[in-house]
Amino acid sequence: MQRIKGLSIINILILIGLIADYFFIQPAYNQPHCIVCVCICVFQMLMLLSNNKEFNRVVVRPTMVFVFALFVVFVQSYIDLILGNFTPVDNAFRFPNTINKGVCLSAIAFTCFTISYNQYKQRRIRVEVPKNEAYWNSRLRVIAIINALFFLYWLTTLSAEYLSGAAYLSSGAYDENHTSYPELFYKISMYVAFVIFVKSFKDGENLSLIKVFSRMPKLILIPVLLYIVILLMAGDRGNAVYSLFLFFFSFIFITKKKVKLIVVLPILALGAIVMTSLSYGRQYGDELSFQDKMTYVSDNQEILQDVMVSFSPFTAELAQSSSCTHIALNDVLNNGHPLHYGEFHFCYGVQLIPWLGSQVLQVLHIEPEQRSSSEYITVSYSGKNYRSGFGTNLIADYYLDFGLIGVILEFLFLGVLFKKIDWYYTHSTSKEIPWWILAIVLLSAVSAIVMPRTYLLYHVRTYLYIVVFYLLVDRVVVPVLKNK
């Protein structure tokens, strides 16, 4: 306890120093400054990794996945720069005179997250009066049927262009004519299905992976496996990873197995390899099949030349999202554009309502590049007639809207959020955790690997859809079926 308190005081002093550094550092790239900031990030990561006692020594927690992703997105490129693998003008940075402030923002983000994570103390966990097995099984059967129907509906919307990956827009989205609402409906029903499946377990501590999921209704299991295969064919890495992580974290939560890091690291490495290959494969030969695209990448290794120079080549493509931070910094500091003061988040909030939100934004005459940081960053760098997008990241999104104070408050909040998530993940059981908290835990766990490359309200929107969907099933569909 004294150790944590002492380190927190040190971290607060580090944070004060970093804030001062952000305002006074000169724009010209300074390697010693970069080394110091990277060392701070590594120090914070090690602090988080070593904090296992209060979580029953469970190493593989949602926070650990999130911290791994944070490190890849916000630190890896700077390490490559220090090692000489990258130069200040490489694509990871775009603008050399923003590197000092960019790496400083990364260190501030890591430090804020660590401070709030270590300082927040979860006094108790909320529990609910356990409902009988018949209650959850009845809802699981209904959701299984709805889940299968939504999957079939989504299948009817697919085209050969989608399956080839040609519909992918490179900024993390698809042409709205190829996916959109049918897939959204299926994804939400899938999330709810996993939440209720986990709640239906009374005791699964001695079960294997096969035994756990052999209990899952086939109307849930078969569609989700087919969904993953189709996503991989289409080159959609994000949703495929979400789905795989749903299996993994649901299994760990049910069984409370303590998976060792030595087991997880090869899985993460394999996942990174697959994601990188898919990323580069989908960019070539729109008319080719999925198999031909992957063969093309395998036969033309020069395609991967940009990432192979990295000290961690199979996460280097993911790390290039750091360029969003530098484009945002250049836009505000060099081009003199003002902050958006919540405009993006207002638009995110309005768009929580499907279809109606976009209509409201049109009535308000808010241009597409003013509705999200990802679109704004792309247009800022490439203009409106861009071929591919940059996406966004957690730092760039809040920096463009609220500046430095936005980044600080965001990561302080995330530290508290993930501390609570870890507590419920390691100290709750399926029968006592409230379903709406379990939904937060599972959604955060499966989203953690990609969360640094997105905006935060994207995941809030998904959670709200999950809650609404479940309440409709629980309060409307199930009672109606019972009365028949």
# chains A, B, ... in the order shown; residues from 1 in each chain; ligands from 1
call {"tool": "residues_around", "arguments": {"residues": "Tyr135 (chain A)", "least_positions_apart": "2", "cutoff": "12 Å", "atoms": "only C-alpha atoms", "output": "CSV table (one decimal) with C-alpha atoms, in the first residue's frame"}}
result
chain,number,residue,atom,x,y,z
A,130,PRO,CA,-29.5,-14.6,-8.3
A,131,LYS,CA,-32.3,-15.6,-10.6
A,132,ASN,CA,-33.1,-19.2,-11.3
A,133,GLU,CA,-31.7,-21.1,-14.3
A,137,ASN,CA,-32.4,-20.0,-20.3
A,138,SER,CA,-35.8,-18.7,-21.4
A,139,ARG,CA,-34.2,-15.5,-22.5
A,140,LEU,CA,-31.3,-17.2,-24.0
A,141,ARG,CA,-33.6,-19.3,-26.3
A,142,VAL,CA,-35.4,-16.2,-27.5
A,196,ILE,CA,-27.0,-13.9,-21.3
A,197,PHE,CA,-25.0,-17.1,-22.1
A,199,LYS,CA,-25.3,-15.3,-17.0
A,200,SER,CA,-26.9,-18.7,-17.5
A,201,PHE,CA,-23.8,-20.4,-15.9
A,431,LYS,CA,-24.7,-15.7,-11.1
A,474,ASP,CA,-36.8,-9.0,-21.6
A,478,VAL,CA,-40.5,-12.7,-23.6
A,479,PRO,CA,-43.8,-11.5,-21.9
call {"tool": "residues_around", "arguments": {"residues": "Ala193 (chain A)", "least_positions_apart": "6", "cutoff": "8 Å", "atoms": "only C-alpha atoms", "output": "MDAnalysis selection string"}}
result
chainID A and resid 140 143:144 147 220
call {"tool": "atom_distance", "arguments": {"atom1": "CA of Phe346 (chain A)", "atom2": "CA of Asn334 (chain A)"}}
result
25.5 Å
call {"tool": "closest_residue", "arguments": {"among": "A:Val473, A:Asn100, A:Ser382, A:Leu414", "to": "Ile25 (chain A)", "atoms": "only C-alpha atoms"}}
result
A:Asn100
call {"tool": "closest_residue", "arguments": {"among": "A:Phe95, A:Asn393, A:Val450, A:Ser372", "to": "Asn335 (chain A)", "atoms": "only C-alpha atoms"}}
result
A:Phe95
call {"tool": "decode", "arguments": {"residues": "region 85-203 of chain A", "atoms": "C-alpha atoms", "output": "PDB file, in the first residue's frame"}}
result
ATOM      1  CA  ASN A  85      14.404   2.203 -37.833  1.00  0.00           C
ATOM      2  CA  PHE A  86      12.271   5.243 -38.698  1.00  0.00           C
ATOM      3  CA  THR A  87      13.161   8.816 -39.550  1.00  0.00           C
ATOM      4  CA  PRO A  88      11.268  11.944 -38.410  1.00  0.00           C
ATOM      5  CA  VAL A  89       9.694  12.294 -41.883  1.00  0.00           C
ATOM      6  CA  ASP A  90       8.272   8.760 -42.036  1.00  0.00           C
ATOM      7  CA  ASN A  91       4.537   8.096 -42.333  1.00  0.00           C
ATOM      8  CA  ALA A  92       4.201   7.381 -38.620  1.00  0.00           C
ATOM      9  CA  PHE A  93       4.879  11.065 -37.859  1.00  0.00           C
ATOM     10  CA  ARG A  94       4.140  13.030 -41.049  1.00  0.00           C
ATOM     11  CA  PHE A  95       5.318  16.328 -39.488  1.00  0.00           C
ATOM     12  CA  PRO A  96       8.747  16.239 -37.747  1.00  0.00           C
ATOM     13  CA  ASN A  97       8.080  19.408 -35.740  1.00  0.00           C
ATOM     14  CA  THR A  98       5.172  17.699 -33.933  1.00  0.00           C
ATOM     15  CA  ILE A  99       7.162  14.710 -32.635  1.00  0.00           C
ATOM     16  CA  ASN A 100       8.208  16.302 -29.338  1.00  0.00           C
ATOM     17  CA  LYS A 101       4.662  17.225 -28.375  1.00  0.00           C
ATOM     18  CA  GLY A 102       3.315  13.935 -29.734  1.00  0.00           C
ATOM     19  CA  VAL A 103       5.536  11.754 -27.566  1.00  0.00           C
ATOM     20  CA  CYS A 104       4.868  14.091 -24.625  1.00  0.00           C
ATOM     21  CA  LEU A 105       1.100  13.557 -25.069  1.00  0.00           C
ATOM     22  CA  SER A 106       1.695   9.792 -25.082  1.00  0.00           C
ATOM     23  CA  ALA A 107       3.579  10.029 -21.781  1.00  0.00           C
ATOM     24  CA  ILE A 108       0.859  12.264 -20.301  1.00  0.00           C
ATOM     25  CA  ALA A 109      -1.837   9.792 -21.365  1.00  0.00           C
ATOM     26  CA  PHE A 110       0.007   6.809 -19.853  1.00  0.00           C
ATOM     27  CA  THR A 111       0.750   8.685 -16.617  1.00  0.00           C
ATOM     28  CA  CYS A 112      -2.846   9.887 -16.174  1.00  0.00           C
ATOM     29  CA  PHE A 113      -4.158   6.376 -16.769  1.00  0.00           C
ATOM     30  CA  THR A 114      -1.731   4.885 -14.227  1.00  0.00           C
ATOM     31  CA  ILE A 115      -2.467   7.520 -11.573  1.00  0.00           C
ATOM     32  CA  SER A 116      -6.224   7.065 -11.636  1.00  0.00           C
ATOM     33  CA  TYR A 117      -5.991   3.267 -12.019  1.00  0.00           C
ATOM     34  CA  ASN A 118      -3.757   2.889  -8.964  1.00  0.00           C
ATOM     35  CA  GLN A 119      -5.470   5.544  -6.851  1.00  0.00           C
ATOM     36  CA  TYR A 120      -9.049   4.383  -7.348  1.00  0.00           C
ATOM     37  CA  LYS A 121     -10.140   1.858  -4.723  1.00  0.00           C
ATOM     38  CA  GLN A 122     -13.150  -0.326  -5.421  1.00  0.00           C
ATOM     39  CA  ARG A 123     -14.824  -0.637  -2.023  1.00  0.00           C
ATOM     40  CA  ARG A 124     -17.406  -3.236  -2.966  1.00  0.00           C
ATOM     41  CA  ILE A 125     -18.931  -4.869  -5.999  1.00  0.00           C
ATOM     42  CA  ARG A 126     -22.591  -4.622  -6.886  1.00  0.00           C
ATOM     43  CA  VAL A 127     -24.391  -7.965  -6.814  1.00  0.00           C
ATOM     44  CA  GLU A 128     -27.911  -8.935  -7.768  1.00  0.00           C
ATOM     45  CA  VAL A 129     -30.233 -11.512  -6.274  1.00  0.00           C
ATOM     46  CA  PRO A 130     -29.502 -14.628  -8.350  1.00  0.00           C
ATOM     47  CA  LYS A 131     -32.343 -15.600 -10.648  1.00  0.00           C
ATOM     48  CA  ASN A 132     -33.123 -19.227 -11.300  1.00  0.00           C
ATOM     49  CA  GLU A 133     -31.677 -21.085 -14.262  1.00  0.00           C
ATOM     50  CA  ALA A 134     -35.026 -21.194 -16.070  1.00  0.00           C
ATOM     51  CA  TYR A 135     -35.173 -17.373 -16.117  1.00  0.00           C
ATOM     52  CA  TRP A 136     -31.902 -16.970 -18.050  1.00  0.00           C
ATOM     53  CA  ASN A 137     -32.426 -20.028 -20.256  1.00  0.00           C
ATOM     54  CA  SER A 138     -35.806 -18.733 -21.428  1.00  0.00           C
ATOM     55  CA  ARG A 139     -34.225 -15.460 -22.494  1.00  0.00           C
ATOM     56  CA  LEU A 140     -31.272 -17.228 -24.045  1.00  0.00           C
ATOM     57  CA  ARG A 141     -33.580 -19.303 -26.273  1.00  0.00           C
ATOM     58  CA  VAL A 142     -35.444 -16.212 -27.462  1.00  0.00           C
ATOM     59  CA  ILE A 143     -32.237 -14.275 -28.125  1.00  0.00           C
ATOM     60  CA  ALA A 144     -30.773 -17.285 -29.970  1.00  0.00           C
ATOM     61  CA  ILE A 145     -33.677 -17.258 -32.425  1.00  0.00           C
ATOM     62  CA  ILE A 146     -33.464 -13.484 -32.923  1.00  0.00           C
ATOM     63  CA  ASN A 147     -29.688 -13.740 -33.321  1.00  0.00           C
ATOM     64  CA  ALA A 148     -30.024 -16.369 -36.082  1.00  0.00           C
ATOM     65  CA  LEU A 149     -32.666 -14.313 -37.903  1.00  0.00           C
ATOM     66  CA  PHE A 150     -30.502 -11.177 -37.846  1.00  0.00           C
ATOM     67  CA  PHE A 151     -27.551 -13.215 -39.140  1.00  0.00           C
ATOM     68  CA  LEU A 152     -29.606 -14.517 -42.065  1.00  0.00           C
ATOM     69  CA  TYR A 153     -30.821 -10.976 -42.748  1.00  0.00           C
ATOM     70  CA  TRP A 154     -27.220  -9.751 -42.835  1.00  0.00           C
ATOM     71  CA  LEU A 155     -26.223 -12.580 -45.187  1.00  0.00           C
ATOM     72  CA  THR A 156     -28.838 -11.454 -47.711  1.00  0.00           C
ATOM     73  CA  THR A 157     -27.152  -8.027 -47.930  1.00  0.00           C
ATOM     74  CA  LEU A 158     -23.674  -9.331 -48.796  1.00  0.00           C
ATOM     75  CA  SER A 159     -22.206  -9.054 -52.254  1.00  0.00           C
ATOM     76  CA  ALA A 160     -19.189 -10.457 -54.064  1.00  0.00           C
ATOM     77  CA  GLU A 161     -17.587  -7.029 -53.784  1.00  0.00           C
ATOM     78  CA  TYR A 162     -17.900  -7.101 -50.004  1.00  0.00           C
ATOM     79  CA  LEU A 163     -16.446 -10.598 -49.724  1.00  0.00           C
ATOM     80  CA  SER A 164     -13.471  -9.621 -51.895  1.00  0.00           C
ATOM     81  CA  GLY A 165     -12.675  -6.709 -49.606  1.00  0.00           C
ATOM     82  CA  ALA A 166     -13.299  -4.174 -52.370  1.00  0.00           C
ATOM     83  CA  ALA A 167     -15.976  -2.421 -50.311  1.00  0.00           C
ATOM     84  CA  TYR A 168     -13.452  -1.588 -47.603  1.00  0.00           C
ATOM     85  CA  LEU A 169     -12.733   2.136 -47.365  1.00  0.00           C
ATOM     86  CA  SER A 170      -9.388   1.831 -45.515  1.00  0.00           C
ATOM     87  CA  SER A 171     -10.367   4.190 -42.719  1.00  0.00           C
ATOM     88  CA  GLY A 172     -11.995   1.432 -40.742  1.00  0.00           C
ATOM     89  CA  ALA A 173     -15.372   1.359 -42.445  1.00  0.00           C
ATOM     90  CA  TYR A 174     -17.263  -0.111 -45.369  1.00  0.00           C
ATOM     91  CA  ASP A 175     -19.328   1.408 -48.107  1.00  0.00           C
ATOM     92  CA  GLU A 176     -22.718   1.901 -46.465  1.00  0.00           C
ATOM     93  CA  ASN A 177     -24.374   0.153 -49.431  1.00  0.00           C
ATOM     94  CA  HIS A 178     -22.648  -3.098 -48.438  1.00  0.00           C
ATOM     95  CA  THR A 179     -23.150  -3.251 -44.654  1.00  0.00           C
ATOM     96  CA  SER A 180     -24.502  -0.833 -42.040  1.00  0.00           C
ATOM     97  CA  TYR A 181     -27.728  -1.579 -40.186  1.00  0.00           C
ATOM     98  CA  PRO A 182     -28.136  -5.325 -40.962  1.00  0.00           C
ATOM     99  CA  GLU A 183     -24.672  -6.025 -39.531  1.00  0.00           C
ATOM    100  CA  LEU A 184     -25.245  -3.657 -36.609  1.00  0.00           C
ATOM    101  CA  PHE A 185     -28.422  -5.544 -35.674  1.00  0.00           C
ATOM    102  CA  TYR A 186     -26.577  -8.857 -35.788  1.00  0.00           C
ATOM    103  CA  LYS A 187     -23.584  -7.589 -33.784  1.00  0.00           C
ATOM    104  CA  ILE A 188     -25.778  -6.223 -31.010  1.00  0.00           C
ATOM    105  CA  SER A 189     -27.804  -9.438 -30.829  1.00  0.00           C
ATOM    106  CA  MET A 190     -24.529 -11.394 -30.700  1.00  0.00           C
ATOM    107  CA  TYR A 191     -23.207  -9.316 -27.789  1.00  0.00           C
ATOM    108  CA  VAL A 192     -26.464  -9.756 -25.878  1.00  0.00           C
ATOM    109  CA  ALA A 193     -26.424 -13.491 -26.616  1.00  0.00           C
ATOM    110  CA  PHE A 194     -22.954 -13.835 -25.045  1.00  0.00           C
ATOM    111  CA  VAL A 195     -23.944 -11.762 -22.004  1.00  0.00           C
ATOM    112  CA  ILE A 196     -27.000 -13.930 -21.321  1.00  0.00           C
ATOM    113  CA  PHE A 197     -25.036 -17.110 -22.096  1.00  0.00           C
ATOM    114  CA  VAL A 198     -22.487 -16.165 -19.411  1.00  0.00           C
ATOM    115  CA  LYS A 199     -25.288 -15.288 -16.961  1.00  0.00           C
ATOM    116  CA  SER A 200     -26.855 -18.722 -17.507  1.00  0.00           C
ATOM    117  CA  PHE A 201     -23.837 -20.429 -15.868  1.00  0.00           C
ATOM    118  CA  LYS A 202     -24.023 -21.234 -12.166  1.00  0.00           C
ATOM    119  CA  ASP A 203     -20.659 -22.905 -11.839  1.00  0.00           C
TER     120      ASP A 203
END
